[in-house]
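What follows is a set of notes on a single structure, which appears directly below.
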Amino acid sequence: MSGLRSLSSGLRALQPEAFGAEPSGERLARIQRSPHFKDGVFQNPGGTARTRPSGSTLELAKAFFDKDTRPVRAPQGTIPVHPTAVADLTKPPVSGLRVTWLGHSSALVEIDGCRVLFDPVWGERCSPFPFAGPKRLHPVPLPLAALGPVDVVVISHDHYDHLDLPTIKALAGTDTLFAVPLGVGAHLEHWGVSPDRLRELDWHESTEVGGVTLTATPARHFCGRGLRNTQHTLWASWVVAGERHRVYHSGDTGYFDGFKDIGAAHGPFDLTMIQIGAYSPYWPDIHMTPEEGVRAHLDLQSGTPRGILLPIHWGTFNLAMHAWAEPGEWTKEAGEAVGQVVASPRPGEPFEPGGRVPSDAWWRSVSGPIAHTWEQPEPVTAAERRSDDLDYSGS
């Protein structure tokens, strides 16, 4: 028995540091008390979500290695990163609200005097290994240290393209606070963040930092970093509410009816940052298409086109089979179809939602041709989603 324990300890010692750590002790006890934790795992709103690709492994491999689509999954030239981000960020926002999209789901939001950094990923690859995994398609717009002081870092969930080991270790040397979903704090403590700098929240819980209120809100996704996905860390979207402004960050999520509830409880929003990339028919429950992203924004705004929609989770890493520029192009089209303003900043380009909003389709200069225009699908009803969930869970 002692030999098995020694073997287990030895295997753990060989695991990459980026795998992080499993929750234990009082953190695990708190997880087990959560109303969203059942049968040993965190549950998605609305029931089971398909977290593994549908179809056979062979079908998925054929789609991924298709010789016709692979070339358009990367830019055909150099992505135009905004050149003056460092200088621009030295000036305070005139309106009190400014956002700088830094690529993928990373964004700096300056809101009513507080500086909030969402899902910061400065690493070269979103992977546990420095030599393998999806590599950046453009450089980071500015060095992490050039951001200046950050009041709070907000993490949506623990996947590698949202929770980046080298970035967290660099931030661990500052005095910033971290707001994370329940269980994710185990990774951060393992990497050197002291417990007193963690604000670890379940859905619908809030904390105050620098004069703003941060609330963890539901999302439809999953978690996991190591070889075993224990579903012991929560995933979340986030609301940040200041004295004058409100913003929303979706994290990763499939479309679900809960956006309406979040909007009713916390909206309307001056800005929503909505995941619209890395979607696929192979995993429809956990990532939104551009049309679903626009629909989610409208749900958050009580059905009315208002505020600014900033598309995130695209342009930086190749994580799906769609064309590289498709999310940007199709979100722009879907927004125009319903009269919703969609921002399209270059990576690193700050803008104020109450001022001039960047709208140039900059990706067209470095994109191959997009195979087809956006065709709006029929809305998926709640009954149809429940039926799909039952079909999948029973298979």
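How things are named: the first chain in the structure tokens is A, the next is B, and so on; residues count from 1 in each chain; ligands count from 1 in the order shown.
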
| request: Could you please write out, as an NGL selection string, every residue of stretch 141-232 of chain A that DSSP assigns to alpha helix (DSSP H)? | output: :A and (165-172 or 185-190)

Return as CSV the residues of stretch 17-120 of chain A lying at most 10 Å from stretch 172-180 of chain A, together with the closest atom-to-atom pair for each and the distance in Å to one decimal, counting only C-alpha atoms, with rows in chain order and ascending residue number.
residue,atom,partner,partner_atom,distance
A:Val116,CA,A:Phe178,CA,9.7
A:Leu117,CA,A:Phe178,CA,9.4
A:Phe118,CA,A:Ala179,CA,9.6
A:Asp119,CA,A:Val180,CA,10.0

| said: Which residues are close to A:Thr69, i.e. within 8 Å by only C-alpha atoms, leaving aside same-chain residues fewer than 4 positions away? Reply as a ChimeraX atom specification. | reply: /A:73,321-323

Can I get the selected residues back with C-alpha atoms, as a short mmCIF file (atom, residue, chain, number, x, y, z; two decimals), in the first residue's frame?
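Everything below was put into selection.cif:
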data_model
loop_
_atom_site.label_atom_id
_atom_site.label_comp_id
_atom_site.auth_asym_id
_atom_site.auth_seq_id
_atom_site.Cartn_x
_atom_site.Cartn_y
_atom_site.Cartn_z
CA ARG A 73 -7.74 29.17 -40.05
CA MET A 321 -12.20 24.59 -37.56
CA HIS A 322 -13.84 27.82 -38.70
CA ALA A 323 -12.02 30.45 -40.78
#

Just list the residues in stretch 71-256 of chain A DSSP gives strand (DSSP E or B) on the backbone, as a short mmCIF file (atom, residue, chain, number, x, y, z; two decimals) with C-alpha atoms, in the first residue's frame.
data_model
loop_
_atom_site.label_atom_id
_atom_site.label_comp_id
_atom_site.auth_asym_id
_atom_site.auth_seq_id
_atom_site.Cartn_x
_atom_site.Cartn_y
_atom_site.Cartn_z
CA LEU A 97 -15.14 53.82 -18.74
CA ARG A 98 -12.55 52.51 -21.17
CA VAL A 99 -11.80 49.02 -22.45
CA THR A 100 -8.69 47.67 -24.13
CA TRP A 101 -9.09 44.31 -25.86
CA LEU A 102 -5.69 42.60 -25.64
CA GLY A 103 -6.55 39.58 -27.77
CA SER A 106 -8.04 39.27 -22.28
CA ALA A 107 -9.26 42.80 -21.66
CA LEU A 108 -8.37 45.71 -19.41
CA VAL A 109 -11.45 47.60 -18.22
CA GLU A 110 -11.01 50.95 -16.49
CA ILE A 111 -14.34 51.58 -14.78
CA CYS A 114 -10.96 50.89 -10.82
CA ARG A 115 -8.72 48.91 -13.18
CA VAL A 116 -9.97 45.38 -13.87
CA LEU A 117 -8.00 42.86 -15.94
CA PHE A 118 -10.00 39.93 -17.35
CA ARG A 125 0.94 29.13 -26.13
CA LYS A 135 0.49 29.31 -30.52
CA VAL A 152 -8.18 43.18 -9.57
CA VAL A 153 -7.60 40.31 -11.97
CA VAL A 154 -10.79 38.43 -12.88
CA LEU A 177 -6.28 41.03 -5.95
CA PHE A 178 -7.80 38.08 -7.82
CA ALA A 179 -11.52 37.39 -8.25
CA VAL A 180 -12.02 33.78 -9.35
CA PRO A 181 -14.78 31.16 -9.49
CA LEU A 198 -8.09 35.82 -3.38
CA ARG A 199 -11.81 36.53 -3.71
CA GLU A 200 -13.24 33.10 -4.55
CA LEU A 201 -16.93 33.21 -5.49
CA SER A 206 -20.26 39.36 -4.96
CA THR A 207 -17.20 41.15 -3.67
CA GLU A 208 -16.16 44.81 -3.64
CA VAL A 209 -12.79 46.02 -4.90
CA VAL A 212 -16.81 48.52 -7.82
CA THR A 213 -18.84 45.36 -7.17
CA LEU A 214 -17.84 42.14 -8.92
CA THR A 215 -20.45 39.39 -9.18
CA ALA A 216 -19.87 35.86 -10.46
CA THR A 217 -22.80 34.90 -12.68
CA SER A 237 -19.34 34.97 -16.35
CA TRP A 238 -18.80 38.25 -14.51
CA VAL A 239 -20.62 41.51 -13.85
CA VAL A 240 -18.65 44.57 -12.76
CA ALA A 241 -20.79 47.46 -11.50
CA ARG A 246 -21.73 48.45 -15.70
CA VAL A 247 -19.90 45.87 -17.81
CA TYR A 248 -20.28 42.13 -18.43
CA HIS A 249 -17.70 39.50 -19.42
#

| said: Please determine, counting only C-alpha atoms, which residue among A:Arg244, A:His204, A:His287, A:His159 has the shortest atom-to-atom distance to A:Pro35. | reply: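 Between A:Arg244, A:His204, A:His287, A:His159, the residue approaching A:Pro35 most closely is A:His204.
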
| task | May I ask for the distance between atom CA of A:Ala320 and atom CA of A:Pro284, given in Å to one decimal place? | result |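 According to the coordinates, atom CA of A:Ala320 and atom CA of A:Pro284 are separated by 12.0 Å.
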
Would you mind listing what lies within 10 Å of A:Arg364 as a compact mmCIF listing (two decimals) with all heavy atoms, in the first residue's frame, with only C-alpha atoms counted and same-chain residues fewer than 6 positions away left out?
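To be explicit, this is the file written out as selection.txt:
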# COMPACT_ATOMS: atom_id res chain seq x y z
N PRO A 75 -4.31 33.85 -40.20
CA PRO A 75 -4.26 35.05 -41.04
C PRO A 75 -3.30 34.89 -42.20
O PRO A 75 -2.31 34.15 -42.12
CB PRO A 75 -3.80 36.14 -40.07
CG PRO A 75 -3.14 35.41 -38.95
CD PRO A 75 -3.84 34.10 -38.83
N GLN A 76 -3.58 35.59 -43.28
CA GLN A 76 -2.74 35.53 -44.48
C GLN A 76 -1.65 36.59 -44.49
O GLN A 76 -0.96 36.78 -45.47
CB GLN A 76 -3.62 35.69 -45.73
CG GLN A 76 -4.77 34.68 -45.81
CD GLN A 76 -4.28 33.24 -45.80
OE1 GLN A 76 -3.54 32.83 -46.69
NE2 GLN A 76 -4.67 32.48 -44.79
N ALA A 325 -11.05 34.63 -39.69
CA ALA A 325 -11.75 35.91 -39.66
C ALA A 325 -13.26 35.78 -39.52
O ALA A 325 -13.95 36.78 -39.37
CB ALA A 325 -11.43 36.71 -40.93
N GLY A 328 -15.19 37.60 -36.45
CA GLY A 328 -15.27 39.05 -36.58
C GLY A 328 -16.26 39.47 -37.65
O GLY A 328 -17.10 40.36 -37.45
N GLU A 329 -16.18 38.83 -38.81
CA GLU A 329 -17.04 39.18 -39.94
C GLU A 329 -18.51 38.89 -39.63
O GLU A 329 -19.39 39.74 -39.86
CB GLU A 329 -16.59 38.39 -41.18
CG GLU A 329 -17.24 38.83 -42.47
CD GLU A 329 -16.75 40.20 -42.94
OE1 GLU A 329 -15.54 40.48 -42.84
OE2 GLU A 329 -17.60 41.00 -43.38
N ILE A 370 -13.67 34.29 -46.99
CA ILE A 370 -14.57 33.56 -46.11
C ILE A 370 -15.57 32.82 -46.99
O ILE A 370 -16.18 33.39 -47.88
CB ILE A 370 -15.27 34.52 -45.13
CG1 ILE A 370 -14.22 35.14 -44.21
CG2 ILE A 370 -16.33 33.80 -44.31
CD1 ILE A 370 -14.75 36.16 -43.26

| request: Find, counting only C-alpha atoms, the residue in A:Val184, A:Ile276, A:Leu300, A:Leu58 that gets nearest to A:Thr331. | output: A:Ile276

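With only C-alpha atoms taken into account, the protein and nucleic acid residues at most 6 Å from A:Leu271 (excluding it and anything under 4 positions from it in its own chain) are Val247, Gly307, Ile308 and Leu309 of chain A.
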
Okay, now the selection with N, CA, C and O atoms, as a short mmCIF file (atom, residue, chain, number, x, y, z; two decimals), in the first residue's frame?
data_model
loop_
_atom_site.label_atom_id
_atom_site.label_comp_id
_atom_site.auth_asym_id
_atom_site.auth_seq_id
_atom_site.Cartn_x
_atom_site.Cartn_y
_atom_site.Cartn_z
N VAL A 247 -20.42 46.68 -16.70
CA VAL A 247 -19.90 45.87 -17.81
C VAL A 247 -20.12 44.40 -17.49
O VAL A 247 -20.30 44.01 -16.33
N GLY A 307 -26.03 49.82 -25.59
CA GLY A 307 -24.68 49.56 -25.14
C GLY A 307 -23.80 49.11 -26.31
O GLY A 307 -24.20 49.15 -27.48
N ILE A 308 -22.60 48.67 -25.99
CA ILE A 308 -21.64 48.22 -26.99
C ILE A 308 -21.32 46.75 -26.77
O ILE A 308 -21.09 46.32 -25.64
N LEU A 309 -21.30 45.99 -27.85
CA LEU A 309 -20.90 44.58 -27.81
C LEU A 309 -19.46 44.49 -28.31
O LEU A 309 -19.16 44.89 -29.43
#

| task | May I ask which of the residues A:Asp252, A:Asp112, A:Asp299, A:Asp285 is the closest one to A:Pro268, counting only C-alpha atoms? | result | A:Asp299

| Polymer residues at most 10 Å from A:Asp88, only C-alpha atoms, same-chain spacing of 2 or more positions, as a PyMOL selection string | chain A and resi 83-86+90-93+100+348-351

| request: Take atom CA of A:Gly192 and atom CA of A:Pro139 and report the distance between them in Å, one decimal. | output: 26.1 Å

| said: For a quick check of understanding, using only C-alpha atoms, which of A:Gly113, A:Gly185, A:Gly293, A:Pro71 has the smallest distance to A:Thr272? | reply: A:Gly293

| task | Show which residues sit within 10 Å of stretch 39-42 of chain A, as number ranges by chain. Count only C-alpha atoms, and ignore same-chain residues fewer than 3 positions away. | result | A: 31-32, 34-36, 45, 222-223, 229-235

Go ahead and write the selection's residues with all heavy atoms as a compact mmCIF listing (two decimals), in the first residue's frame.
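Produced file out20.txt, reproduced below:
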# COMPACT_ATOMS: atom_id res chain seq x y z
N ILE A 31 -16.88 23.82 -1.80
CA ILE A 31 -17.38 23.37 -3.10
C ILE A 31 -18.52 22.37 -2.92
O ILE A 31 -19.57 22.47 -3.57
CB ILE A 31 -16.22 22.74 -3.91
CG1 ILE A 31 -15.26 23.82 -4.40
CG2 ILE A 31 -16.75 21.92 -5.09
CD1 ILE A 31 -13.96 23.28 -4.97
N GLN A 32 -18.33 21.44 -2.02
CA GLN A 32 -19.33 20.39 -1.82
C GLN A 32 -20.62 20.94 -1.21
O GLN A 32 -21.68 20.32 -1.35
CB GLN A 32 -18.73 19.30 -0.94
CG GLN A 32 -17.62 18.52 -1.64
CD GLN A 32 -16.83 17.63 -0.70
OE1 GLN A 32 -16.80 17.83 0.52
NE2 GLN A 32 -16.16 16.62 -1.26
N SER A 34 -21.84 23.85 -2.21
CA SER A 34 -22.44 24.73 -3.22
C SER A 34 -23.74 24.14 -3.76
O SER A 34 -23.82 22.94 -4.05
CB SER A 34 -21.46 24.93 -4.39
OG SER A 34 -22.13 25.55 -5.48
N PRO A 35 -24.77 24.97 -3.95
CA PRO A 35 -26.01 24.47 -4.55
C PRO A 35 -25.85 24.06 -6.00
O PRO A 35 -26.73 23.43 -6.57
CB PRO A 35 -26.98 25.66 -4.41
CG PRO A 35 -26.09 26.85 -4.29
CD PRO A 35 -24.87 26.39 -3.57
N HIS A 36 -24.71 24.41 -6.61
CA HIS A 36 -24.46 24.09 -8.02
C HIS A 36 -23.57 22.86 -8.18
O HIS A 36 -23.17 22.52 -9.29
CB HIS A 36 -23.83 25.30 -8.72
CG HIS A 36 -24.59 26.56 -8.46
ND1 HIS A 36 -24.09 27.59 -7.70
CD2 HIS A 36 -25.84 26.94 -8.83
CE1 HIS A 36 -24.98 28.55 -7.61
NE2 HIS A 36 -26.05 28.18 -8.29
N PRO A 45 -26.18 25.37 -15.78
CA PRO A 45 -27.57 25.82 -15.75
C PRO A 45 -28.35 25.16 -16.89
O PRO A 45 -27.84 24.99 -17.99
CB PRO A 45 -27.47 27.33 -15.95
CG PRO A 45 -26.16 27.55 -16.63
CD PRO A 45 -25.26 26.46 -16.11
N PHE A 222 -17.43 24.26 -18.87
CA PHE A 222 -16.84 23.21 -18.05
C PHE A 222 -15.45 23.64 -17.65
O PHE A 222 -15.02 24.77 -17.94
CB PHE A 222 -16.83 21.86 -18.78
CG PHE A 222 -15.90 21.78 -19.98
CD1 PHE A 222 -14.78 20.97 -19.94
CD2 PHE A 222 -16.17 22.49 -21.14
CE1 PHE A 222 -13.93 20.89 -21.05
CE2 PHE A 222 -15.33 22.41 -22.25
CZ PHE A 222 -14.20 21.61 -22.20
N CYS A 223 -14.71 22.78 -16.95
CA CYS A 223 -13.41 23.17 -16.41
C CYS A 223 -12.41 22.04 -16.62
O CYS A 223 -12.74 21.00 -17.17
CB CYS A 223 -13.55 23.48 -14.91
SG CYS A 223 -14.00 22.02 -13.95
N ASN A 229 -10.23 15.33 -15.45
CA ASN A 229 -11.12 16.48 -15.32
C ASN A 229 -12.15 16.17 -14.25
O ASN A 229 -13.14 15.49 -14.50
CB ASN A 229 -11.80 16.76 -16.66
CG ASN A 229 -12.67 18.01 -16.60
OD1 ASN A 229 -12.80 18.62 -15.56
ND2 ASN A 229 -13.26 18.37 -17.72
N THR A 230 -11.90 16.63 -13.03
CA THR A 230 -12.77 16.27 -11.91
C THR A 230 -13.98 17.18 -11.78
O THR A 230 -14.84 16.93 -10.93
CB THR A 230 -11.97 16.32 -10.59
OG1 THR A 230 -11.46 17.65 -10.41
CG2 THR A 230 -10.80 15.34 -10.63
N GLN A 231 -14.06 18.24 -12.57
CA GLN A 231 -15.17 19.21 -12.50
C GLN A 231 -15.31 19.78 -11.09
O GLN A 231 -16.40 20.05 -10.62
CB GLN A 231 -16.48 18.56 -12.94
CG GLN A 231 -16.51 18.11 -14.40
CD GLN A 231 -16.49 19.29 -15.38
OE1 GLN A 231 -15.46 19.89 -15.65
NE2 GLN A 231 -17.65 19.63 -15.91
N HIS A 232 -14.18 19.99 -10.41
CA HIS A 232 -14.18 20.54 -9.06
C HIS A 232 -13.84 22.02 -9.04
O HIS A 232 -13.64 22.58 -7.96
CB HIS A 232 -13.20 19.76 -8.17
CG HIS A 232 -13.76 18.47 -7.67
ND1 HIS A 232 -13.03 17.58 -6.91
CD2 HIS A 232 -14.99 17.90 -7.82
CE1 HIS A 232 -13.78 16.54 -6.61
NE2 HIS A 232 -14.96 16.71 -7.15
N THR A 233 -13.72 22.66 -10.18
CA THR A 233 -13.58 24.11 -10.21
C THR A 233 -14.70 24.68 -11.06
O THR A 233 -15.06 24.11 -12.09
CB THR A 233 -12.21 24.56 -10.77
OG1 THR A 233 -12.10 24.18 -12.14
CG2 THR A 233 -11.06 23.95 -9.98
N LEU A 234 -15.24 25.79 -10.63
CA LEU A 234 -16.41 26.38 -11.28
C LEU A 234 -15.98 27.28 -12.43
O LEU A 234 -14.83 27.74 -12.50
CB LEU A 234 -17.20 27.18 -10.24
CG LEU A 234 -18.57 27.73 -10.65
CD1 LEU A 234 -19.51 26.61 -11.07
CD2 LEU A 234 -19.18 28.53 -9.49
N TRP A 235 -16.88 27.51 -13.35
CA TRP A 235 -16.71 28.45 -14.46
C TRP A 235 -17.75 29.55 -14.27
O TRP A 235 -18.81 29.32 -13.67
CB TRP A 235 -16.88 27.74 -15.80
CG TRP A 235 -18.11 26.86 -15.84
CD1 TRP A 235 -19.33 27.19 -16.33
CD2 TRP A 235 -18.22 25.52 -15.35
NE1 TRP A 235 -20.22 26.15 -16.17
CE2 TRP A 235 -19.56 25.10 -15.57
CE3 TRP A 235 -17.33 24.63 -14.74
CZ2 TRP A 235 -20.03 23.84 -15.22
CZ3 TRP A 235 -17.80 23.37 -14.38
CH2 TRP A 235 -19.12 22.98 -14.63

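Our summary of the geometry notes that atom CA of A:Pro16 is positioned 6.6 Å from atom CA of A:Pro128.
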